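Working notes, beginning with the structure itself.
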Amino acid sequence: TEAALKAAVSHPGVSAVIAKSPCILIGKKFKPALHVDEDACVGCKLCLKLGCPAISFDAARKKSRIDPVFCTGCEVCASLCPKKAMKR
């Protein structure tokens, strides 16, 4: 689940997540990943409430971050962001 993915991503070195069912990311066609415009992001963390495994918060920069490996390009975060900081 989300906690397992976050633990695997934050683990230094190689890690793997073994799921009980097929990964929903495999076999789907996705739009290009989004990225965070750091000049527009105010660090409100509203996007984190989505629970998207692609979105994390960089505490040092005080900005949200999108991992392009996990982003499906659905644009839900972009529609939610009050500052329109999520861009293609």
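In the structure tokens, chains take letters A, B, ... by order of appearance, with residues numbered from 1 within each chain and ligands from 1 in the order shown.
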Running DSSP on the backbone, which parts of chain A land in strand (DSSP E or B), as a list in words? His35, Val36, Ile55, Ser56, Phe57, Asp58, Lys63, Ser64, Arg65, Ile66, Met86 and Lys87 of chain A
List the neighbours of Leu34 in chain A out to 12 Å using only C-alpha atoms; skip same-chain residues closer than 5 positions along the sequence, and give me the result as a ChimeraX atom specification. /A:54-55,64-79,84-88
Can you write just those residues out, C-alpha atoms, as a compact mmCIF listing (two decimals), in the first residue's frame?
```
# COMPACT_ATOMS: atom_id res chain seq x y z
CA ALA A 54 3.80 10.29 -6.35
CA ILE A 55 3.55 13.37 -4.13
CA SER A 64 5.89 19.60 -2.60
CA ARG A 65 7.57 17.22 -5.00
CA ILE A 66 6.21 14.84 -7.64
CA ASP A 67 8.08 11.62 -8.35
CA PRO A 68 7.76 11.09 -12.13
CA VAL A 69 8.09 7.32 -11.70
CA PHE A 70 4.83 7.13 -9.75
CA CYS A 71 2.93 10.00 -11.43
CA THR A 72 0.21 8.78 -13.82
CA GLY A 73 -0.51 12.27 -15.14
CA CYS A 74 -4.11 12.22 -13.91
CA GLU A 75 -3.92 15.95 -13.02
CA VAL A 76 -6.03 15.61 -9.85
CA CYS A 77 -3.29 17.38 -7.87
CA ALA A 78 -3.16 20.16 -10.48
CA SER A 79 -6.90 20.74 -10.19
CA LYS A 84 -1.61 26.02 -9.85
CA ALA A 85 1.94 24.86 -9.05
CA MET A 86 1.53 21.41 -10.63
CA LYS A 87 2.52 21.65 -14.29
CA ARG A 88 3.06 19.33 -17.22
```
When you look at Ser15 in chain A with a cut-off of 12 Å (counting only C-alpha atoms), what residues show up, excluding the ones that are within fewer than 4 positions of it in the same chain? I need them as a list in words. Ala4, Leu5, Lys6, Ala7, Ala8, Val9, Ser10 and His11 of chain A
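These are the residues of chain A assigned helix (DSSP H, G or I) by DSSP from backbone coordinates: Glu2, Ala3, Ala4, Leu5, Lys6, Ala7, Ala8, Val9, Ser10, Leu46, Cys47, Leu48, Lys49, Leu50, Val76, Cys77, Ala78, Ser79 and Leu80 of chain A.
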CA of Arg61 in chain A sits from CA of Asp37 in chain A at a separation of 12.4 Å
Record the distance separating CA of Cys81 in chain A and CA of Ala33 in chain A, expressed in Å with one decimal.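 Separation between CA of Cys81 in chain A and CA of Ala33 in chain A: 15.8 Å.
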What is the distance between CA of Glu38 in chain A and CA of Lys63 in chain A, in Å to one decimal? 6.7 Å
